[in-house]
There are 2 protein chains.
Amino acid sequence: MSSAFKAIAAEPRRRILNHLAGGPMTVGEIAAKFEIATPSISKHLSVLKEAGLVHEQKRGQFVIYSIAADNLTNALYGFLSPFCPQARKIAVQRKRTRKGK
Amino acid sequence: MSSAFKAIAAEPRRRILNHLAGGPMTVGEIAAKFEIATPSISKHLSVLKEAGLVHEQKRGQFVIYSIAADNLTNALYGFLSPFCPQARKIAVQRKRTRKGK
C-alpha cells in the first residue's frame, strides 16, 4: 500500500492514471498525451506497475496498459476512512464485496 | 493539490494524520506515539502544514496541531473521481456544500 502512495506522489503518474481511466492504452498512445519522452513514460508506468496500480498485457507487438482501479481505490478509501465517514462506509462495502467473491 | 500527494507519500506523515483524526495534539503527544525523534516529527508536521493538511494553533506555551480534513478529502476525492463513481458523487456533493457556504 505504501508504494501506491509513493506512485501517486508524482504528477505525471497521476495524469497517466487519469488517461487510463478512459480505457487501456499503449505507451505510445499515453506518450502522445504528454510533452515527455516515451522512455520517461515507460519509467512512470514501471513505477505504477510495481505499485500494483496498472496492469500490463502483451498483445502482438504492443504492450497494453490498463488501470488496476480496485487497488487504487482500496488503498485510498482505506487511508481516508479515519477522516471521512463516507469513505469508511465505502471501504466496508468494498471489503464485503471482496469477501463475497 | 500536488503538495498534498507529496505530503502523504511518506508513511510517518500518513500515520500522523491518522493520529490527528482522533483530535488535536501537541508535537510532544504525537512524538510519544512514534519511535522517531521530536525534531523529525516537527519536520513532518511542517510538510503537512505547507500542503494545507494540518492547522497549527498556539495555545499558551503549546502549539496544537489539528487535521485539515476537508483539504485532504477534497484532494483525494477529486483524484479518485475518474476511477470511481462513488468518489465522483461525493466530490460533486462536497463542491455543492462549499458553494452553499
# chains A, B, ... in the order shown; residues from 1 in each chain; ligands from 1
>>> select_by_dssp(residues="chain A", states="strand (DSSP E or B)", output="PDB file with all heavy atoms, in the first residue's frame")
ATOM      1  N   MET A  25      -4.438   1.598 -22.892  1.00  0.00           N
ATOM      2  CA  MET A  25      -3.642   2.333 -23.886  1.00  0.00           C
ATOM      3  C   MET A  25      -2.247   1.725 -24.002  1.00  0.00           C
ATOM      4  O   MET A  25      -1.744   1.113 -23.056  1.00  0.00           O
ATOM      5  CB  MET A  25      -3.467   3.802 -23.439  1.00  0.00           C
ATOM      6  CG  MET A  25      -4.736   4.616 -23.405  1.00  0.00           C
ATOM      7  SD  MET A  25      -4.494   6.196 -22.502  1.00  0.00           S
ATOM      8  CE  MET A  25      -4.089   7.289 -23.868  1.00  0.00           C
ATOM      9  N   THR A  26      -1.608   1.952 -25.169  1.00  0.00           N
ATOM     10  CA  THR A  26      -0.196   1.581 -25.332  1.00  0.00           C
ATOM     11  C   THR A  26       0.678   2.725 -24.793  1.00  0.00           C
ATOM     12  O   THR A  26       0.182   3.846 -24.590  1.00  0.00           O
ATOM     13  CB  THR A  26       0.152   1.368 -26.818  1.00  0.00           C
ATOM     14  OG1 THR A  26      -0.012   2.626 -27.492  1.00  0.00           O
ATOM     15  CG2 THR A  26      -0.743   0.333 -27.468  1.00  0.00           C
ATOM     16  N   VAL A  54      -1.297  -0.368 -12.172  1.00  0.00           N
ATOM     17  CA  VAL A  54      -1.636  -0.657 -13.571  1.00  0.00           C
ATOM     18  C   VAL A  54      -1.313  -2.120 -13.895  1.00  0.00           C
ATOM     19  O   VAL A  54      -0.447  -2.735 -13.265  1.00  0.00           O
ATOM     20  CB  VAL A  54      -0.903   0.255 -14.617  1.00  0.00           C
ATOM     21  CG1 VAL A  54      -1.216   1.725 -14.419  1.00  0.00           C
ATOM     22  CG2 VAL A  54       0.589   0.025 -14.609  1.00  0.00           C
ATOM     23  N   HIS A  55      -2.053  -2.650 -14.857  1.00  0.00           N
ATOM     24  CA  HIS A  55      -1.787  -3.975 -15.399  1.00  0.00           C
ATOM     25  C   HIS A  55      -1.113  -3.815 -16.748  1.00  0.00           C
ATOM     26  O   HIS A  55      -1.404  -2.848 -17.463  1.00  0.00           O
ATOM     27  CB  HIS A  55      -3.079  -4.758 -15.624  1.00  0.00           C
ATOM     28  CG  HIS A  55      -3.852  -5.021 -14.390  1.00  0.00           C
ATOM     29  ND1 HIS A  55      -3.343  -5.753 -13.345  1.00  0.00           N
ATOM     30  CD2 HIS A  55      -5.103  -4.649 -14.010  1.00  0.00           C
ATOM     31  CE1 HIS A  55      -4.252  -5.826 -12.382  1.00  0.00           C
ATOM     32  NE2 HIS A  55      -5.324  -5.162 -12.750  1.00  0.00           N
ATOM     33  N   GLU A  56      -0.248  -4.783 -17.089  1.00  0.00           N
ATOM     34  CA  GLU A  56       0.466  -4.766 -18.365  1.00  0.00           C
ATOM     35  C   GLU A  56       0.074  -6.037 -19.112  1.00  0.00           C
ATOM     36  O   GLU A  56       0.064  -7.114 -18.502  1.00  0.00           O
ATOM     37  CB  GLU A  56       1.957  -4.768 -18.026  1.00  0.00           C
ATOM     38  CG  GLU A  56       2.888  -4.466 -19.149  1.00  0.00           C
ATOM     39  CD  GLU A  56       4.332  -4.661 -18.689  1.00  0.00           C
ATOM     40  OE1 GLU A  56       4.785  -5.835 -18.721  1.00  0.00           O
ATOM     41  OE2 GLU A  56       4.982  -3.693 -18.280  1.00  0.00           O
ATOM     42  N   GLN A  57      -0.267  -5.903 -20.387  1.00  0.00           N
ATOM     43  CA  GLN A  57      -0.646  -7.089 -21.148  1.00  0.00           C
ATOM     44  C   GLN A  57      -0.070  -7.006 -22.553  1.00  0.00           C
ATOM     45  O   GLN A  57      -0.226  -5.980 -23.227  1.00  0.00           O
ATOM     46  CB  GLN A  57      -2.182  -7.156 -21.221  1.00  0.00           C
ATOM     47  CG  GLN A  57      -2.706  -8.550 -21.453  1.00  0.00           C
ATOM     48  CD  GLN A  57      -4.211  -8.545 -21.716  1.00  0.00           C
ATOM     49  OE1 GLN A  57      -4.870  -7.513 -21.590  1.00  0.00           O
ATOM     50  NE2 GLN A  57      -4.753  -9.683 -22.107  1.00  0.00           N
ATOM     51  N   LYS A  58       0.604  -8.093 -22.987  1.00  0.00           N
ATOM     52  CA  LYS A  58       1.159  -8.101 -24.348  1.00  0.00           C
ATOM     53  C   LYS A  58       0.065  -8.495 -25.336  1.00  0.00           C
ATOM     54  O   LYS A  58      -0.656  -9.467 -25.111  1.00  0.00           O
ATOM     55  CB  LYS A  58       2.312  -9.103 -24.440  1.00  0.00           C
ATOM     56  CG  LYS A  58       3.607  -8.554 -23.895  1.00  0.00           C
ATOM     57  CD  LYS A  58       4.815  -9.242 -24.517  1.00  0.00           C
ATOM     58  CE  LYS A  58       6.086  -8.523 -24.083  1.00  0.00           C
ATOM     59  NZ  LYS A  58       7.290  -9.122 -24.643  1.00  0.00           N
ATOM     60  N   ARG A  59      -0.042  -7.701 -26.401  1.00  0.00           N
ATOM     61  CA  ARG A  59      -0.966  -8.066 -27.480  1.00  0.00           C
ATOM     62  C   ARG A  59      -0.222  -7.896 -28.786  1.00  0.00           C
ATOM     63  O   ARG A  59      -0.050  -6.768 -29.263  1.00  0.00           O
ATOM     64  CB  ARG A  59      -2.208  -7.169 -27.456  1.00  0.00           C
ATOM     65  CG  ARG A  59      -3.289  -7.759 -26.582  1.00  0.00           C
ATOM     66  CD  ARG A  59      -4.616  -7.053 -26.753  1.00  0.00           C
ATOM     67  NE  ARG A  59      -5.260  -6.917 -25.470  1.00  0.00           N
ATOM     68  CZ  ARG A  59      -6.231  -6.058 -25.185  1.00  0.00           C
ATOM     69  NH1 ARG A  59      -6.663  -5.236 -26.109  1.00  0.00           N
ATOM     70  NH2 ARG A  59      -6.766  -6.007 -23.989  1.00  0.00           N
ATOM     71  N   PHE A  62       2.451  -5.086 -29.367  1.00  0.00           N
ATOM     72  CA  PHE A  62       2.166  -3.972 -28.452  1.00  0.00           C
ATOM     73  C   PHE A  62       2.029  -4.447 -27.001  1.00  0.00           C
ATOM     74  O   PHE A  62       1.700  -5.593 -26.742  1.00  0.00           O
ATOM     75  CB  PHE A  62       0.865  -3.263 -28.854  1.00  0.00           C
ATOM     76  CG  PHE A  62       0.976  -2.559 -30.170  1.00  0.00           C
ATOM     77  CD1 PHE A  62       0.362  -3.078 -31.303  1.00  0.00           C
ATOM     78  CD2 PHE A  62       1.713  -1.381 -30.280  1.00  0.00           C
ATOM     79  CE1 PHE A  62       0.478  -2.437 -32.524  1.00  0.00           C
ATOM     80  CE2 PHE A  62       1.826  -0.731 -31.502  1.00  0.00           C
ATOM     81  CZ  PHE A  62       1.209  -1.259 -32.627  1.00  0.00           C
ATOM     82  N   VAL A  63       2.301  -3.519 -26.100  1.00  0.00           N
ATOM     83  CA  VAL A  63       2.017  -3.764 -24.686  1.00  0.00           C
ATOM     84  C   VAL A  63       0.910  -2.787 -24.304  1.00  0.00           C
ATOM     85  O   VAL A  63       1.021  -1.585 -24.541  1.00  0.00           O
ATOM     86  CB  VAL A  63       3.271  -3.535 -23.805  1.00  0.00           C
ATOM     87  CG1 VAL A  63       2.933  -3.795 -22.336  1.00  0.00           C
ATOM     88  CG2 VAL A  63       4.414  -4.430 -24.256  1.00  0.00           C
ATOM     89  N   ILE A  64      -0.152  -3.362 -23.768  1.00  0.00           N
ATOM     90  CA  ILE A  64      -1.314  -2.546 -23.424  1.00  0.00           C
ATOM     91  C   ILE A  64      -1.332  -2.330 -21.903  1.00  0.00           C
ATOM     92  O   ILE A  64      -1.170  -3.281 -21.135  1.00  0.00           O
ATOM     93  CB  ILE A  64      -2.630  -3.255 -23.827  1.00  0.00           C
ATOM     94  CG1 ILE A  64      -2.575  -3.762 -25.263  1.00  0.00           C
ATOM     95  CG2 ILE A  64      -3.837  -2.354 -23.580  1.00  0.00           C
ATOM     96  CD1 ILE A  64      -2.824  -2.743 -26.317  1.00  0.00           C
ATOM     97  N   TYR A  65      -1.531  -1.099 -21.499  1.00  0.00           N
ATOM     98  CA  TYR A  65      -1.619  -0.784 -20.064  1.00  0.00           C
ATOM     99  C   TYR A  65      -3.059  -0.459 -19.696  1.00  0.00           C
ATOM    100  O   TYR A  65      -3.753   0.255 -20.432  1.00  0.00           O
ATOM    101  CB  TYR A  65      -0.716   0.403 -19.724  1.00  0.00           C
ATOM    102  CG  TYR A  65       0.746   0.025 -19.816  1.00  0.00           C
ATOM    103  CD1 TYR A  65       1.443   0.184 -21.017  1.00  0.00           C
ATOM    104  CD2 TYR A  65       1.403  -0.535 -18.736  1.00  0.00           C
ATOM    105  CE1 TYR A  65       2.771  -0.203 -21.121  1.00  0.00           C
ATOM    106  CE2 TYR A  65       2.730  -0.928 -18.833  1.00  0.00           C
ATOM    107  CZ  TYR A  65       3.404  -0.761 -20.026  1.00  0.00           C
ATOM    108  OH  TYR A  65       4.703  -1.156 -20.116  1.00  0.00           O
ATOM    109  N   SER A  66      -3.471  -0.998 -18.564  1.00  0.00           N
ATOM    110  CA  SER A  66      -4.820  -0.665 -18.078  1.00  0.00           C
ATOM    111  C   SER A  66      -4.721  -0.387 -16.583  1.00  0.00           C
ATOM    112  O   SER A  66      -3.777  -0.817 -15.903  1.00  0.00           O
ATOM    113  CB  SER A  66      -5.789  -1.804 -18.358  1.00  0.00           C
ATOM    114  OG  SER A  66      -5.290  -3.006 -17.804  1.00  0.00           O
ATOM    115  N   ILE A  67      -5.698   0.339 -16.083  1.00  0.00           N
ATOM    116  CA  ILE A  67      -5.642   0.750 -14.688  1.00  0.00           C
ATOM    117  C   ILE A  67      -6.143  -0.379 -13.773  1.00  0.00           C
ATOM    118  O   ILE A  67      -7.117  -1.070 -14.105  1.00  0.00           O
ATOM    119  CB  ILE A  67      -6.466   2.043 -14.483  1.00  0.00           C
ATOM    120  CG1 ILE A  67      -6.159   2.648 -13.134  1.00  0.00           C
ATOM    121  CG2 ILE A  67      -7.960   1.822 -14.649  1.00  0.00           C
ATOM    122  CD1 ILE A  67      -6.627   4.078 -13.019  1.00  0.00           C
TER     123      ILE A  67
END
>>> residues_around(residues="Thr73 (chain B)", least_positions_apart="5", cutoff="8 Å", atoms="only C-alpha atoms", output="number ranges by chain")
A: 80, 83-84
>>> write_last_selection(atoms="all heavy atoms", output="mmCIF file, in the first residue's frame")
data_model
loop_
_atom_site.group_PDB
_atom_site.id
_atom_site.type_symbol
_atom_site.label_atom_id
_atom_site.label_comp_id
_atom_site.auth_asym_id
_atom_site.auth_seq_id
_atom_site.Cartn_x
_atom_site.Cartn_y
_atom_site.Cartn_z
ATOM 1 N N LEU A 80 -8.498 7.096 3.769
ATOM 2 C CA LEU A 80 -9.462 8.164 4.077
ATOM 3 C C LEU A 80 -10.405 7.796 5.229
ATOM 4 O O LEU A 80 -10.998 8.682 5.850
ATOM 5 C CB LEU A 80 -10.308 8.481 2.841
ATOM 6 C CG LEU A 80 -9.740 9.458 1.818
ATOM 7 C CD1 LEU A 80 -10.640 9.518 0.586
ATOM 8 C CD2 LEU A 80 -9.619 10.863 2.420
ATOM 9 N N PHE A 83 -10.818 9.734 8.473
ATOM 10 C CA PHE A 83 -11.118 11.170 8.353
ATOM 11 C C PHE A 83 -12.509 11.441 7.796
ATOM 12 O O PHE A 83 -12.978 12.570 7.848
ATOM 13 C CB PHE A 83 -10.107 11.871 7.421
ATOM 14 C CG PHE A 83 -8.711 11.393 7.620
ATOM 15 C CD1 PHE A 83 -8.062 10.659 6.648
ATOM 16 C CD2 PHE A 83 -8.049 11.666 8.806
ATOM 17 C CE1 PHE A 83 -6.773 10.203 6.848
ATOM 18 C CE2 PHE A 83 -6.764 11.212 9.011
ATOM 19 C CZ PHE A 83 -6.131 10.479 8.035
ATOM 20 N N CYS A 84 -13.118 10.431 7.222
ATOM 21 C CA CYS A 84 -14.346 10.680 6.451
ATOM 22 C C CYS A 84 -15.314 9.508 6.575
ATOM 23 O O CYS A 84 -15.003 8.396 6.123
ATOM 24 C CB CYS A 84 -13.954 10.911 4.985
ATOM 25 S SG CYS A 84 -15.374 11.103 3.901
#
>>> closest_atom_pairs(of="chain A", to="chain B", cutoff="6 Å", atoms="only C-alpha atoms", output="Markdown table")
| residue | atom | partner | partner_atom | distance |
| --- | --- | --- | --- | --- |
| A:Phe5 | CA | B:Ala9 | CA | 4.8 |
| A:Lys6 | CA | B:Ala9 | CA | 4.7 |
| A:Ala9 | CA | B:Lys6 | CA | 4.7 |
| A:Ala21 | CA | B:Phe83 | CA | 5.8 |
| A:Phe83 | CA | B:Ala21 | CA | 5.7 |
>>> write_last_selection(atoms="all heavy atoms", output="PDB file, in the first residue's frame")
ATOM      1  N   PHE A   5       1.048   5.049  -2.564  1.00  0.00           N
ATOM      2  CA  PHE A   5       1.103   6.482  -2.221  1.00  0.00           C
ATOM      3  C   PHE A   5       2.338   7.144  -2.820  1.00  0.00           C
ATOM      4  O   PHE A   5       2.278   8.287  -3.250  1.00  0.00           O
ATOM      5  CB  PHE A   5       1.055   6.669  -0.701  1.00  0.00           C
ATOM      6  CG  PHE A   5      -0.311   6.437  -0.149  1.00  0.00           C
ATOM      7  CD1 PHE A   5      -0.672   5.210   0.375  1.00  0.00           C
ATOM      8  CD2 PHE A   5      -1.262   7.442  -0.190  1.00  0.00           C
ATOM      9  CE1 PHE A   5      -1.948   4.984   0.859  1.00  0.00           C
ATOM     10  CE2 PHE A   5      -2.545   7.233   0.293  1.00  0.00           C
ATOM     11  CZ  PHE A   5      -2.887   5.995   0.821  1.00  0.00           C
ATOM     12  N   LYS A   6       3.454   6.400  -2.849  1.00  0.00           N
ATOM     13  CA  LYS A   6       4.660   6.957  -3.482  1.00  0.00           C
ATOM     14  C   LYS A   6       4.422   7.108  -4.985  1.00  0.00           C
ATOM     15  O   LYS A   6       4.850   8.079  -5.599  1.00  0.00           O
ATOM     16  CB  LYS A   6       5.866   6.066  -3.204  1.00  0.00           C
ATOM     17  CG  LYS A   6       6.444   6.352  -1.826  1.00  0.00           C
ATOM     18  CD  LYS A   6       7.691   5.554  -1.540  1.00  0.00           C
ATOM     19  CE  LYS A   6       8.043   5.716  -0.069  1.00  0.00           C
ATOM     20  NZ  LYS A   6       8.676   4.534   0.496  1.00  0.00           N
ATOM     21  N   ALA A   9       2.444  10.179  -5.864  1.00  0.00           N
ATOM     22  CA  ALA A   9       3.021  11.457  -5.422  1.00  0.00           C
ATOM     23  C   ALA A   9       3.480  12.285  -6.622  1.00  0.00           C
ATOM     24  O   ALA A   9       3.527  13.512  -6.561  1.00  0.00           O
ATOM     25  CB  ALA A   9       4.180  11.215  -4.462  1.00  0.00           C
ATOM     26  N   ALA A  21      -8.011   5.893 -17.097  1.00  0.00           N
ATOM     27  CA  ALA A  21      -9.406   5.758 -16.629  1.00  0.00           C
ATOM     28  C   ALA A  21     -10.355   5.682 -17.816  1.00  0.00           C
ATOM     29  O   ALA A  21     -11.443   5.114 -17.723  1.00  0.00           O
ATOM     30  CB  ALA A  21      -9.777   6.925 -15.723  1.00  0.00           C
ATOM     31  N   PHE A  83     -10.818   9.734   8.473  1.00  0.00           N
ATOM     32  CA  PHE A  83     -11.118  11.170   8.353  1.00  0.00           C
ATOM     33  C   PHE A  83     -12.509  11.441   7.796  1.00  0.00           C
ATOM     34  O   PHE A  83     -12.978  12.570   7.848  1.00  0.00           O
ATOM     35  CB  PHE A  83     -10.107  11.871   7.421  1.00  0.00           C
ATOM     36  CG  PHE A  83      -8.711  11.393   7.620  1.00  0.00           C
ATOM     37  CD1 PHE A  83      -8.062  10.659   6.648  1.00  0.00           C
ATOM     38  CD2 PHE A  83      -8.049  11.666   8.806  1.00  0.00           C
ATOM     39  CE1 PHE A  83      -6.773  10.203   6.848  1.00  0.00           C
ATOM     40  CE2 PHE A  83      -6.764  11.212   9.011  1.00  0.00           C
ATOM     41  CZ  PHE A  83      -6.131  10.479   8.035  1.00  0.00           C
TER      42      PHE A  83
END
>>> select_by_dssp(residues="chain B", states="alpha helix (DSSP H)", output="NGL selection string")
:B and (2-7 or 11-20 or 27-31 or 38-50 or 69-80 or 85-100)
>>> write_last_selection(atoms="C-alpha atoms", output="JSON list (two decimals), in the first residue's frame")
[["chain", "number", "residue", "atom", "x", "y", "z"],
["B", 2, "SER", "CA", 0.16, 18.38, -5.81],
["B", 3, "SER", "CA", 1.84, 19.05, -2.47],
["B", 4, "ALA", "CA", -0.93, 17.11, -0.69],
["B", 5, "PHE", "CA", 0.02, 13.98, -2.64],
["B", 6, "LYS", "CA", 3.71, 14.50, -1.91],
["B", 7, "ALA", "CA", 2.89, 15.03, 1.76],
["B", 11, "GLU", "CA", 4.35, 6.70, 5.78],
["B", 12, "PRO", "CA", 5.12, 8.66, 9.01],
["B", 13, "ARG", "CA", 3.05, 11.59, 7.70],
["B", 14, "ARG", "CA", 0.10, 9.32, 6.92],
["B", 15, "ARG", "CA", 0.40, 7.96, 10.47],
["B", 16, "ILE", "CA", 0.48, 11.50, 11.94],
["B", 17, "LEU", "CA", -2.72, 12.35, 10.07],
["B", 18, "ASN", "CA", -4.25, 9.11, 11.32],
["B", 19, "HIS", "CA", -3.46, 10.10, 14.94],
["B", 20, "LEU", "CA", -4.82, 13.62, 14.39],
["B", 27, "VAL", "CA", 4.11, 17.77, 18.88],
["B", 28, "GLY", "CA", 5.05, 16.00, 22.11],
["B", 29, "GLU", "CA", 1.84, 14.00, 22.15],
["B", 30, "ILE", "CA", 2.35, 12.99, 18.53],
["B", 31, "ALA", "CA", 6.04, 12.12, 19.10],
["B", 38, "THR", "CA", 10.58, 15.06, 18.10],
["B", 39, "PRO", "CA", 12.52, 17.27, 15.60],
["B", 40, "SER", "CA", 11.70, 14.76, 12.84],
["B", 41, "ILE", "CA", 8.03, 14.86, 13.81],
["B", 42, "SER", "CA", 8.21, 18.67, 13.67],
["B", 43, "LYS", "CA", 9.61, 18.49, 10.14],
["B", 44, "HIS", "CA", 6.86, 16.12, 9.04],
["B", 45, "LEU", "CA", 4.29, 18.49, 10.58],
["B", 46, "SER", "CA", 5.81, 21.40, 8.61],
["B", 47, "VAL", "CA", 5.39, 19.47, 5.35],
["B", 48, "LEU", "CA", 1.79, 18.65, 6.25],
["B", 49, "LYS", "CA", 1.14, 22.28, 7.15],
["B", 50, "GLU", "CA", 2.70, 23.54, 3.88],
["B", 69, "ALA", "CA", -9.68, 17.04, 6.88],
["B", 70, "ASP", "CA", -11.58, 18.95, 4.17],
["B", 71, "ASN", "CA", -8.43, 19.77, 2.21],
["B", 72, "LEU", "CA", -7.31, 16.15, 2.44],
["B", 73, "THR", "CA", -10.62, 14.64, 1.40],
["B", 74, "ASN", "CA", -11.24, 17.21, -1.38],
["B", 75, "ALA", "CA", -7.84, 16.42, -2.95],
["B", 76, "LEU", "CA", -8.36, 12.67, -2.77],
["B", 77, "TYR", "CA", -11.98, 12.56, -3.93],
["B", 78, "GLY", "CA", -11.04, 14.85, -6.81],
["B", 79, "PHE", "CA", -8.27, 12.46, -7.80],
["B", 80, "LEU", "CA", -10.48, 9.36, -7.37],
["B", 85, "PRO", "CA", -18.43, 6.64, -9.48],
["B", 86, "GLN", "CA", -18.88, 6.78, -5.69],
["B", 87, "ALA", "CA", -16.00, 9.25, -5.33],
["B", 88, "ARG", "CA", -17.41, 11.30, -8.22],
["B", 89, "LYS", "CA", -20.75, 11.56, -6.40],
["B", 90, "ILE", "CA", -19.06, 12.58, -3.14],
["B", 91, "ALA", "CA", -16.85, 15.14, -4.93],
["B", 92, "VAL", "CA", -19.93, 16.75, -6.53],
["B", 93, "GLN", "CA", -21.79, 16.82, -3.20],
["B", 94, "ARG", "CA", -18.80, 18.42, -1.47],
["B", 95, "LYS", "CA", -18.46, 21.05, -4.20],
["B", 96, "ARG", "CA", -22.15, 21.95, -3.78],
["B", 97, "THR", "CA", -21.74, 22.23, 0.00],
["B", 98, "ARG", "CA", -18.71, 24.50, -0.44],
["B", 99, "LYS", "CA", -20.63, 26.74, -2.85],
["B", 100, "GLY", "CA", -23.57, 26.85, -0.46]]
>>> decode(residues="region 56-100 of chain B", atoms="C-alpha atoms", output="PDB file, in the first residue's frame")
ATOM      1  CA  GLU B  56      -1.323  24.928  13.650  1.00  0.00           C
ATOM      2  CA  GLN B  57      -2.630  26.935  16.618  1.00  0.00           C
ATOM      3  CA  LYS B  58      -0.733  28.450  19.539  1.00  0.00           C
ATOM      4  CA  ARG B  59      -2.302  27.898  22.937  1.00  0.00           C
ATOM      5  CA  GLY B  60      -0.152  29.389  25.668  1.00  0.00           C
ATOM      6  CA  GLN B  61       3.237  27.709  25.521  1.00  0.00           C
ATOM      7  CA  PHE B  62       1.952  24.846  23.363  1.00  0.00           C
ATOM      8  CA  VAL B  63       1.346  24.519  19.656  1.00  0.00           C
ATOM      9  CA  ILE B  64      -1.677  22.411  18.864  1.00  0.00           C
ATOM     10  CA  TYR B  65      -1.971  20.567  15.554  1.00  0.00           C
ATOM     11  CA  SER B  66      -5.267  19.553  14.051  1.00  0.00           C
ATOM     12  CA  ILE B  67      -6.169  17.905  10.794  1.00  0.00           C
ATOM     13  CA  ALA B  68      -7.464  19.969   7.858  1.00  0.00           C
ATOM     14  CA  ALA B  69      -9.683  17.039   6.884  1.00  0.00           C
ATOM     15  CA  ASP B  70     -11.578  18.950   4.172  1.00  0.00           C
ATOM     16  CA  ASN B  71      -8.432  19.771   2.206  1.00  0.00           C
ATOM     17  CA  LEU B  72      -7.307  16.153   2.443  1.00  0.00           C
ATOM     18  CA  THR B  73     -10.624  14.644   1.398  1.00  0.00           C
ATOM     19  CA  ASN B  74     -11.237  17.209  -1.383  1.00  0.00           C
ATOM     20  CA  ALA B  75      -7.843  16.423  -2.949  1.00  0.00           C
ATOM     21  CA  LEU B  76      -8.358  12.667  -2.771  1.00  0.00           C
ATOM     22  CA  TYR B  77     -11.983  12.563  -3.932  1.00  0.00           C
ATOM     23  CA  GLY B  78     -11.043  14.853  -6.810  1.00  0.00           C
ATOM     24  CA  PHE B  79      -8.273  12.460  -7.797  1.00  0.00           C
ATOM     25  CA  LEU B  80     -10.481   9.357  -7.370  1.00  0.00           C
ATOM     26  CA  SER B  81     -13.386  10.785  -9.393  1.00  0.00           C
ATOM     27  CA  PRO B  82     -12.329   9.448 -12.824  1.00  0.00           C
ATOM     28  CA  PHE B  83     -11.850   5.920 -11.414  1.00  0.00           C
ATOM     29  CA  CYS B  84     -14.781   5.549  -9.065  1.00  0.00           C
ATOM     30  CA  PRO B  85     -18.429   6.635  -9.481  1.00  0.00           C
ATOM     31  CA  GLN B  86     -18.885   6.783  -5.685  1.00  0.00           C
ATOM     32  CA  ALA B  87     -15.996   9.248  -5.335  1.00  0.00           C
ATOM     33  CA  ARG B  88     -17.411  11.296  -8.220  1.00  0.00           C
ATOM     34  CA  LYS B  89     -20.746  11.556  -6.400  1.00  0.00           C
ATOM     35  CA  ILE B  90     -19.064  12.582  -3.136  1.00  0.00           C
ATOM     36  CA  ALA B  91     -16.851  15.144  -4.933  1.00  0.00           C
ATOM     37  CA  VAL B  92     -19.931  16.747  -6.534  1.00  0.00           C
ATOM     38  CA  GLN B  93     -21.791  16.822  -3.202  1.00  0.00           C
ATOM     39  CA  ARG B  94     -18.799  18.418  -1.470  1.00  0.00           C
ATOM     40  CA  LYS B  95     -18.457  21.051  -4.197  1.00  0.00           C
ATOM     41  CA  ARG B  96     -22.149  21.949  -3.778  1.00  0.00           C
ATOM     42  CA  THR B  97     -21.745  22.226   0.004  1.00  0.00           C
ATOM     43  CA  ARG B  98     -18.713  24.504  -0.445  1.00  0.00           C
ATOM     44  CA  LYS B  99     -20.628  26.738  -2.854  1.00  0.00           C
ATOM     45  CA  GLY B 100     -23.572  26.850  -0.461  1.00  0.00           C
TER      46      GLY B 100
END
